[in-house]
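Student: Mind having a look at this structure? Questions to follow.
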Amino acid sequence: MANSQPDNWRPQRQADQLHQSEVHLWSVSFDTPSEKLGYFRSTLSADEKERADRFLKIEDRELYTITRGALRSLLGAYLAIEPREVEFAYNTLGKPSLAGMGAQAALNFSVSHSGAQALLGFARGRRIGVDLERVSADADVLELAERYFSSDEFETLRSLTAEMQHEAFYCGWTRKEAYLKARGEGIFFGLERVEVSLVPGERAIIKKVSDDPNVSENWILEHLLPAPNYIGAVAAEGHDLTFRFFRWEPD
């Protein structure tokens with residue numbers, strides 16, 4: 001099992017070489033110097049700038065710009081091109097991928113953000129999905145689980161102590177989301193159709209998916225703790241993968 005405690009995310013400015021057997025995870029804090037915002041915005045495409053400008057709140061505009069700027073900077077480093085040269089394509093649900101063929105098409109990525117943090121994942125030649133959630137002590141996790149989890153998962157959650165239920169809920173939610181994002185389908189597929197381990201301390205696994213009887217043989221799931229009070233997950237296609245954890249520190 002990968003050790004993804006917050007202290008094990010290595011501060012780094014540039015991306016290392018990404019090997020076929022690796023998955024790179026990057027934690028991005030939105031506590032970014034204001035002078036970098038102008039640079040990040042300069043790397044965005046016209047449609048990205050237009051989307052940023054549609055946010056009514058300044059902080060939402062800045063969060064989008066930082067997240068997209070970080071994504072472009074890291075993709076540019078992996079592809080050895082300028083960040084502004086990265087081109088995206090989108091599926092019918094809005095999931096982005098790299099446009100073009102060759103090396104670009106072989107590099108897959110996933111992005112999630114919550115609160116003041118973002119999580120970015122990268123892999124070559126395999127599907128990948130990440131999800132990140134800030135833990136909310138006010139969330140009615142039993143009510144949410146009854147609506148979105150399978151009956152077995154709900155019963156497991158209900159059997160835990162109140163103290164464990166919140167952590168278990170976010171473990172389950174992020175693992176489901178990460179897998180569905182990797183498939184390119186998102187929650188439209190149905191969160192209850194994906195069953196995962198969720199008891200804190202248990203190994204993260206996908207137990208069952210309604211349309212894939214071999215899911216546990218074809219996918220790896222990892223529990224992530226990129227920052228205090230945040231829980232995340234990554235789902236990656238394949239076996240025997242090495243997970244590397246970085247905390248992005250832009251120049």
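Chain identifiers are assigned as A, B, and so on, following the order in which chains appear in the structure tokens; residues are numbered from 1 within each chain, and ligands are numbered from 1 in order of appearance.
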Report as a PDB file with N, CA and C atoms, in the first residue's frame all protein, DNA and RNA residues lying within 10 Å of Gln14 (chain A), evaluated on only C-alpha atoms, omitting residues in the same chain fewer than 4 positions from it.
Tutor:
```
ATOM      1  N   SER A  73       0.877  23.661 -16.569  1.00  0.00           N
ATOM      2  CA  SER A  73       2.315  23.681 -16.282  1.00  0.00           C
ATOM      3  C   SER A  73       2.874  22.266 -16.173  1.00  0.00           C
ATOM      4  N   LEU A  74       2.154  21.392 -15.477  1.00  0.00           N
ATOM      5  CA  LEU A  74       2.640  20.030 -15.308  1.00  0.00           C
ATOM      6  C   LEU A  74       2.544  19.229 -16.602  1.00  0.00           C
ATOM      7  N   ALA A  77       5.369  20.210 -18.773  1.00  0.00           N
ATOM      8  CA  ALA A  77       6.637  19.602 -18.356  1.00  0.00           C
ATOM      9  C   ALA A  77       6.711  18.139 -18.793  1.00  0.00           C
ATOM     10  N   TYR A  78       5.613  17.398 -18.619  1.00  0.00           N
ATOM     11  CA  TYR A  78       5.614  15.992 -19.030  1.00  0.00           C
ATOM     12  C   TYR A  78       5.773  15.841 -20.542  1.00  0.00           C
ATOM     13  N   PHE A 246       3.667  14.262  -4.833  1.00  0.00           N
ATOM     14  CA  PHE A 246       4.366  15.542  -4.908  1.00  0.00           C
ATOM     15  C   PHE A 246       3.455  16.666  -4.413  1.00  0.00           C
ATOM     16  N   TRP A 248       3.069  20.538  -5.164  1.00  0.00           N
ATOM     17  CA  TRP A 248       3.547  21.467  -6.186  1.00  0.00           C
ATOM     18  C   TRP A 248       3.909  22.818  -5.577  1.00  0.00           C
ATOM     19  N   GLU A 249       5.115  23.271  -5.904  1.00  0.00           N
ATOM     20  CA  GLU A 249       5.581  24.590  -5.496  1.00  0.00           C
ATOM     21  C   GLU A 249       6.018  25.336  -6.748  1.00  0.00           C
ATOM     22  N   PRO A 250       5.133  26.140  -7.309  1.00  0.00           N
ATOM     23  CA  PRO A 250       5.476  26.825  -8.582  1.00  0.00           C
ATOM     24  C   PRO A 250       6.647  27.782  -8.404  1.00  0.00           C
ATOM     25  N   ASP A 251       7.405  27.953  -9.499  1.00  0.00           N
ATOM     26  CA  ASP A 251       8.559  28.871  -9.477  1.00  0.00           C
ATOM     27  C   ASP A 251       8.087  30.292  -9.147  1.00  0.00           C
TER      28      ASP A 251
END
```
Student: Do a neighbour search on Gly115 (chain A) at 9 Å with only C-alpha atoms, toss out local chain neighbours closer than 3 positions, and write the hits as a ChimeraX atom specification.
Tutor: /A:30,118,133-134,230
Student: Only C-alpha atoms, please: the residues just picked out, written as a PDB file, in the first residue's frame.
Tutor:
```pdb
ATOM      1  CA  PHE A  30      -4.605  27.568  -3.528  1.00  0.00           C
ATOM      2  CA  ALA A 118      -6.555  20.551  -5.727  1.00  0.00           C
ATOM      3  CA  GLU A 133     -12.981  16.069  -0.683  1.00  0.00           C
ATOM      4  CA  ARG A 134     -12.619  18.362   2.304  1.00  0.00           C
ATOM      5  CA  TYR A 230      -8.791  16.253   3.239  1.00  0.00           C
TER       6      TYR A 230
END
```
Student: A:Phe149, A:Glu217, A:Leu107, A:Ala182: which is nearest Val196 (chain A), counting only C-alpha atoms?
Tutor: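 The shortest atom-to-atom distance to Val196 (chain A) comes from A:Phe149.
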Student: Name all residues at most 10 Å from Ser210 (chain A) (count only C-alpha atoms; drop same-chain ones fewer than 4 positions away) and give them as a list in words.
Tutor: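 Final neighbour list, sorted by chain and number: Gly190, Glu192, Arg193, Val194, Glu195 and Val215 of chain A.
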Student: Could you state the separation of CA of Gly186 (chain A) and CA of Gly76 (chain A) in Å, given to one decimal place?
Tutor: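 Calculated distance between CA of Gly186 (chain A) and CA of Gly76 (chain A) is 25.9 Å.
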Student: Can you tell me, as an mmCIF file with all heavy atoms, in the first residue's frame, what residues are no more than 9 Å from Arg72 (chain A) when counting only C-alpha atoms, ignoring any on the same chain fewer than 3 positions away?
Tutor:
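Output below, filename out.cif:
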```
data_model
loop_
_atom_site.group_PDB
_atom_site.id
_atom_site.type_symbol
_atom_site.label_atom_id
_atom_site.label_comp_id
_atom_site.auth_asym_id
_atom_site.auth_seq_id
_atom_site.Cartn_x
_atom_site.Cartn_y
_atom_site.Cartn_z
ATOM 1 N N PHE A 40 -0.360 32.392 -14.717
ATOM 2 C CA PHE A 40 -1.262 31.259 -14.956
ATOM 3 C C PHE A 40 -2.331 31.633 -15.979
ATOM 4 O O PHE A 40 -2.646 30.859 -16.882
ATOM 5 C CB PHE A 40 -1.927 30.820 -13.652
ATOM 6 C CG PHE A 40 -1.000 30.140 -12.688
ATOM 7 C CD1 PHE A 40 -1.213 30.235 -11.327
ATOM 8 C CD2 PHE A 40 0.077 29.402 -13.135
ATOM 9 C CE1 PHE A 40 -0.366 29.608 -10.425
ATOM 10 C CE2 PHE A 40 0.933 28.771 -12.252
ATOM 11 C CZ PHE A 40 0.714 28.883 -10.894
ATOM 12 N N THR A 43 -1.376 31.456 -19.609
ATOM 13 C CA THR A 43 -1.229 30.138 -20.230
ATOM 14 C C THR A 43 -2.571 29.551 -20.663
ATOM 15 O O THR A 43 -2.606 28.547 -21.371
ATOM 16 C CB THR A 43 -0.555 29.143 -19.263
ATOM 17 O OG1 THR A 43 -1.437 28.855 -18.167
ATOM 18 C CG2 THR A 43 0.751 29.698 -18.729
ATOM 19 N N LEU A 44 -3.669 30.156 -20.234
ATOM 20 C CA LEU A 44 -4.987 29.607 -20.538
ATOM 21 C C LEU A 44 -5.405 29.912 -21.969
ATOM 22 O O LEU A 44 -5.008 30.914 -22.554
ATOM 23 C CB LEU A 44 -6.033 30.170 -19.573
ATOM 24 C CG LEU A 44 -5.799 29.983 -18.071
ATOM 25 C CD1 LEU A 44 -7.013 30.480 -17.292
ATOM 26 C CD2 LEU A 44 -5.497 28.537 -17.729
ATOM 27 N N THR A 67 -5.878 26.172 -10.627
ATOM 28 C CA THR A 67 -5.989 24.747 -10.941
ATOM 29 C C THR A 67 -5.636 24.484 -12.399
ATOM 30 O O THR A 67 -4.864 23.575 -12.724
ATOM 31 C CB THR A 67 -7.404 24.229 -10.653
ATOM 32 O OG1 THR A 67 -7.718 24.469 -9.283
ATOM 33 C CG2 THR A 67 -7.509 22.745 -10.932
ATOM 34 N N ARG A 68 -6.210 25.280 -13.292
ATOM 35 C CA ARG A 68 -5.949 25.080 -14.719
ATOM 36 C C ARG A 68 -4.509 25.430 -15.070
ATOM 37 O O ARG A 68 -3.880 24.778 -15.903
ATOM 38 C CB ARG A 68 -6.916 25.955 -15.521
ATOM 39 C CG ARG A 68 -7.220 25.417 -16.898
ATOM 40 C CD ARG A 68 -7.997 24.111 -16.817
ATOM 41 N NE ARG A 68 -8.405 23.679 -18.138
ATOM 42 C CZ ARG A 68 -9.295 22.741 -18.374
ATOM 43 N NH1 ARG A 68 -9.860 22.117 -17.366
ATOM 44 N NH2 ARG A 68 -9.614 22.393 -19.601
ATOM 45 N N GLY A 69 -3.977 26.473 -14.417
ATOM 46 C CA GLY A 69 -2.586 26.841 -14.660
ATOM 47 C C GLY A 69 -1.627 25.759 -14.193
ATOM 48 O O GLY A 69 -0.638 25.445 -14.873
ATOM 49 N N LEU A 75 1.442 19.393 -17.334
ATOM 50 C CA LEU A 75 1.338 18.717 -18.625
ATOM 51 C C LEU A 75 2.434 19.189 -19.578
ATOM 52 O O LEU A 75 3.032 18.393 -20.308
ATOM 53 C CB LEU A 75 -0.039 18.967 -19.246
ATOM 54 C CG LEU A 75 -1.204 18.186 -18.652
ATOM 55 C CD1 LEU A 75 -2.528 18.676 -19.225
ATOM 56 C CD2 LEU A 75 -1.047 16.681 -18.900
ATOM 57 N N GLY A 76 2.703 20.490 -19.572
ATOM 58 C CA GLY A 76 3.769 21.015 -20.418
ATOM 59 C C GLY A 76 5.103 20.393 -20.077
ATOM 60 O O GLY A 76 5.903 20.056 -20.971
ATOM 61 N N ALA A 77 5.369 20.210 -18.773
ATOM 62 C CA ALA A 77 6.637 19.602 -18.356
ATOM 63 C C ALA A 77 6.711 18.139 -18.793
ATOM 64 O O ALA A 77 7.754 17.681 -19.286
ATOM 65 C CB ALA A 77 6.785 19.712 -16.843
ATOM 66 N N GLU A 82 5.498 24.139 -24.119
ATOM 67 C CA GLU A 82 5.071 25.269 -23.299
ATOM 68 C C GLU A 82 3.645 25.028 -22.787
ATOM 69 O O GLU A 82 2.815 24.463 -23.502
ATOM 70 C CB GLU A 82 5.106 26.562 -24.115
ATOM 71 C CG GLU A 82 6.510 27.047 -24.443
ATOM 72 C CD GLU A 82 7.289 27.407 -23.196
ATOM 73 O OE1 GLU A 82 6.696 28.035 -22.273
ATOM 74 O OE2 GLU A 82 8.483 27.058 -23.115
ATOM 75 N N PRO A 83 3.355 25.444 -21.553
ATOM 76 C CA PRO A 83 2.007 25.222 -21.001
ATOM 77 C C PRO A 83 0.890 25.741 -21.896
ATOM 78 O O PRO A 83 -0.161 25.093 -22.019
ATOM 79 C CB PRO A 83 2.049 25.969 -19.668
ATOM 80 C CG PRO A 83 3.485 25.929 -19.266
ATOM 81 C CD PRO A 83 4.262 26.043 -20.548
ATOM 82 N N ARG A 84 1.099 26.901 -22.552
ATOM 83 C CA ARG A 84 0.039 27.472 -23.385
ATOM 84 C C ARG A 84 -0.169 26.674 -24.671
ATOM 85 O O ARG A 84 -1.169 26.872 -25.370
ATOM 86 C CB ARG A 84 0.342 28.929 -23.716
ATOM 87 C CG ARG A 84 1.630 29.169 -24.464
ATOM 88 C CD ARG A 84 1.810 30.652 -24.816
ATOM 89 N NE ARG A 84 1.766 31.493 -23.638
ATOM 90 C CZ ARG A 84 2.822 31.788 -22.870
ATOM 91 N NH1 ARG A 84 4.017 31.280 -23.174
ATOM 92 N NH2 ARG A 84 2.708 32.561 -21.817
ATOM 93 N N GLU A 85 0.752 25.760 -24.989
ATOM 94 C CA GLU A 85 0.622 24.944 -26.197
ATOM 95 C C GLU A 85 -0.222 23.687 -25.975
ATOM 96 O O GLU A 85 -0.575 22.993 -26.932
ATOM 97 C CB GLU A 85 2.009 24.534 -26.711
ATOM 98 C CG GLU A 85 2.859 25.712 -27.176
ATOM 99 C CD GLU A 85 4.255 25.280 -27.570
ATOM 100 O OE1 GLU A 85 4.564 24.077 -27.464
ATOM 101 O OE2 GLU A 85 5.047 26.141 -27.986
ATOM 102 N N VAL A 86 -0.536 23.390 -24.711
ATOM 103 C CA VAL A 86 -1.354 22.208 -24.418
ATOM 104 C C VAL A 86 -2.766 22.419 -24.960
ATOM 105 O O VAL A 86 -3.382 23.467 -24.737
ATOM 106 C CB VAL A 86 -1.412 21.955 -22.894
ATOM 107 C CG1 VAL A 86 -2.375 20.806 -22.576
ATOM 108 C CG2 VAL A 86 -0.016 21.658 -22.352
#
```
Student: Which of these residues is nearest to Lys176 (chain A), using only C-alpha atoms: A:Lys208, A:Arg61, A:Arg203, A:His19?
Tutor: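 Of A:Lys208, A:Arg61, A:Arg203, A:His19, the one nearest Lys176 (chain A) is A:Lys208, counting only C-alpha atoms.
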Student: Restricting the calculation to only C-alpha atoms, which member of A:Ala178, A:Ala46, A:Val141, A:Leu119 is positioned closest to Ala227 (chain A)?
Tutor: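 Of A:Ala178, A:Ala46, A:Val141, A:Leu119, the one nearest Ala227 (chain A) is A:Leu119, counting only C-alpha atoms.
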Student: Can you work out which one of A:Ala145, A:Ile187, A:Ala52, A:Leu198 has the shortest atom-to-atom distance to Thr65 (chain A), counting only C-alpha atoms?
Tutor: A:Ala52
Student: Work out how far CA of Ala70 (chain A) is from CA of Phe55 (chain A), in Å to one decimal.
Tutor: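 Separation of CA of Phe55 (chain A) and CA of Ala70 (chain A): 18.6 Å.
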